[in-house]
Amino acid sequence: MAKRELPKLVPVTEPEYSLLTEPWLGSVMDDGSIRRFGLVGLFENLDDVSSLVTDTEMEEPALFRLLLAIVYRALDPVLEDDYMEWWEDGRIPTDRVVDYLKEHEDRFWLFHPEHPFLQTIIEPKNGLPTELDALIAEPNGPEPMSNRSSLSSRRMSYDEIARRIVAMMQYDKSMAHTPFKGLIGGPSSGVYYAGDAYLAQMSLIRLKTGHLMKDLLLSLIPLDAEDMFSFDDEDLTVGKPPWELPMMSMSKGANRRNPEHPKDLEECLVWMGRRAYLTQWDDGVTRILFSVGRCVTLAGLNGLEPMAAFKKVLDKTTKQETLIPFVIWSKTAFWRSLPSLIGITAGEKSGMAPMTLRWASYLAENGLLPDDYIGNVSVSTLVLDEHKSKVVDFMSDQVSLPLSVIGNPEKVRLIEKAVAVGEKMIRTAYWVLINNINLAEKRTEKEAKKSANEKESMAYDVLGVTFYGWISEMLDLGDSAYEVWIDRAIESLMPLADEEIASASLDSMMGRVYKDKHYSTALSDSIFRSTLNKIRREELGK
């Protein structure tokens, strides 16, 4: 039997598709129109751009971090005295950014014989390139992309490929599930645990203002800002980005037992989590060749990674405490995690708030932002399956928050109390109500608990809407803020309870005796209301 002849690679001998000039970045302009730019055009028009347009939610944070890395490097070193001048002007010196990009234009080609953008030259020793759908970190659902068929995802335009290359480096795992993931003719066994992708190890937190220039300016934290970065005074530099370094070596394998720590801010913002190379088959169709990447840990990175909140954990082996990024639990409503994301300050027992928010708080404290400035805190989290091998969800949320509460112990404790009492109302009053009504309906204990758990989750979502409204008014409410929150929380839960009572069957109104205890809708309603009143009296002393 003759050996099957595999297609041959077509080498790219000339630079092709410059990310500086080709329109690969969709942008929403201040007038509502959508325009497409290369990197140079984007920065030349940055005054008029409100936000980026992306194919998926996962792309936007990765692209924003790329832009921020470019700005940091173009203005390196970013120091507080210079920053204050930029802040007063209301803009970044984009002319310097454009000059920097043009100086390194040979490193911003999507295809290049020596140094393609965010790629490395790979000799295909263990297989041949796979389809372009492998650019997606992992499928969300049965298809490679939720908004495309598996067939169409193998045909991407160059602008989409460019965006997905950037996202893949941040979201794809540092090692393939097999030694060469998805390669035709490559090994199909040898599955092993892979280190988490960089942005899978944190809930990414930053401020959004509805204007890209200001978003970048708020995220551009000076390297010499007090109590922010843990740089030495004589080493205030952002570091070199991948496009200023030699191509990543293919000889060095990923070490999951001893993962690397990013050495500088540039490595944090644009971590090269994959070894990948775009190539072409003999029919001219672009495909991608994968190899193992770099395993990374974010433990102890609280003085370097600017967009993560950190919490203290005890290492069971060394018996020492370390700071690791805080990640929102996928089954928890976002507002319940807010105290952990914004309330942790340097010196507190639990950890540290993200630098992005602490810097904005510093601006507010020093009169550069109004005392009552409301910041739109954006949080995004990648959710992996229980084996940490596939992406099952990408959560994103946003809350309007007075920035002056960040780092203010009194306000932080108030938010923590508000969340805790809201959880208590749902757990000890609403959950019990649903459970008791189901028992009155003559359902089993298992069925009653299942129903209560499902309705509890919905109640957290309803209460979250009330919480967001309350927290935006918290400063104006003054000393009455906590009492107002408790009353609003109770008012939010009452319609849910009334609906459950109204939809109960006639039999449940009569109720039943179960395990020597009587259950009925009337009694369940009475217990619910008395529990809420008790919580109110205990919390307010009334």
# chains A, B, ... in the order shown; residues from 1 in each chain; ligands from 1

$ residues_around --residues "Arg36 (chain A)" --least-positions-apart "5" --cutoff "7 Å" --atoms "only C-alpha atoms" --output "ChimeraX atom specification"
/A:23-27

$ write_last_selection --atoms "N, CA, C and O atoms" --output "PDB file, in the first residue's frame"
ATOM      1  N   PRO A  23      -6.822  47.187   8.142  1.00  0.00           N
ATOM      2  CA  PRO A  23      -7.942  47.500   9.051  1.00  0.00           C
ATOM      3  C   PRO A  23      -8.460  46.269   9.802  1.00  0.00           C
ATOM      4  O   PRO A  23      -9.517  45.743   9.481  1.00  0.00           O
ATOM      5  N   TRP A  24      -7.740  45.841  10.815  1.00  0.00           N
ATOM      6  CA  TRP A  24      -8.117  44.623  11.552  1.00  0.00           C
ATOM      7  C   TRP A  24      -8.808  44.907  12.884  1.00  0.00           C
ATOM      8  O   TRP A  24      -9.336  43.996  13.531  1.00  0.00           O
ATOM      9  N   LEU A  25      -8.839  46.185  13.317  1.00  0.00           N
ATOM     10  CA  LEU A  25      -9.456  46.547  14.594  1.00  0.00           C
ATOM     11  C   LEU A  25     -10.729  47.358  14.348  1.00  0.00           C
ATOM     12  O   LEU A  25     -10.665  48.511  13.906  1.00  0.00           O
ATOM     13  N   GLY A  26     -11.886  46.745  14.609  1.00  0.00           N
ATOM     14  CA  GLY A  26     -13.141  47.466  14.507  1.00  0.00           C
ATOM     15  C   GLY A  26     -13.295  48.419  15.677  1.00  0.00           C
ATOM     16  O   GLY A  26     -12.988  48.066  16.825  1.00  0.00           O
ATOM     17  N   SER A  27     -13.782  49.624  15.416  1.00  0.00           N
ATOM     18  CA  SER A  27     -13.878  50.649  16.460  1.00  0.00           C
ATOM     19  C   SER A  27     -15.217  51.363  16.369  1.00  0.00           C
ATOM     20  O   SER A  27     -15.650  51.764  15.286  1.00  0.00           O
TER      21      SER A  27
END

$ closest_atom_pairs --of "region 264-375 of chain A" --to "region 221-228 of chain A" --cutoff "7 Å" --atoms "only C-alpha atoms" --output "JSON lines"
{"residue": "A:Gly303", "atom": "CA", "partner": "A:Met228", "partner_atom": "CA", "distance": 6.6}
{"residue": "A:Met355", "atom": "CA", "partner": "A:Met228", "partner_atom": "CA", "distance": 6.3}
{"residue": "A:Trp359", "atom": "CA", "partner": "A:Ile221", "partner_atom": "CA", "distance": 6.7}

$ closest_residue --among "A:Pro77, A:Gly541, A:Pro113, A:Pro306" --to "Asp235 (chain A)" --atoms "only C-alpha atoms"
A:Pro77

$ residues_around --residues "Gly239 (chain A)" --least-positions-apart "5" --cutoff "7 Å" --atoms "only C-alpha atoms" --output "PyMOL selection string"
chain A and resi 264-266

$ residues_around --residues "region 82-85 of chain A" --least-positions-apart "5" --cutoff "10 Å" --atoms "only C-alpha atoms" --output "list in words"
Leu75, Pro77, Gly90, Arg91, Ile92, Leu217, Leu220, Ile221, Pro222, Leu363 and Leu368 of chain A

$ select_by_dssp --residues "region 210-281 of chain A" --states "strand (DSSP E or B)" --output "list of chain:residue names"
A:Glu260, A:Arg275, A:Ala276, A:Tyr277, A:Leu278, A:Thr279, A:Gln280

$ select_by_dssp --residues "region 191-416 of chain A" --states "helix (DSSP H, G or I)" --output "ChimeraX atom specification"
/A:198-200,212-219,233-235,242-244,265-269,334-342,355-365,403-405,409-416

$ closest_residue --among "A:Met272, A:Leu42, A:Val462, A:Gly367" --to "Glu88 (chain A)" --atoms "only C-alpha atoms"
A:Gly367
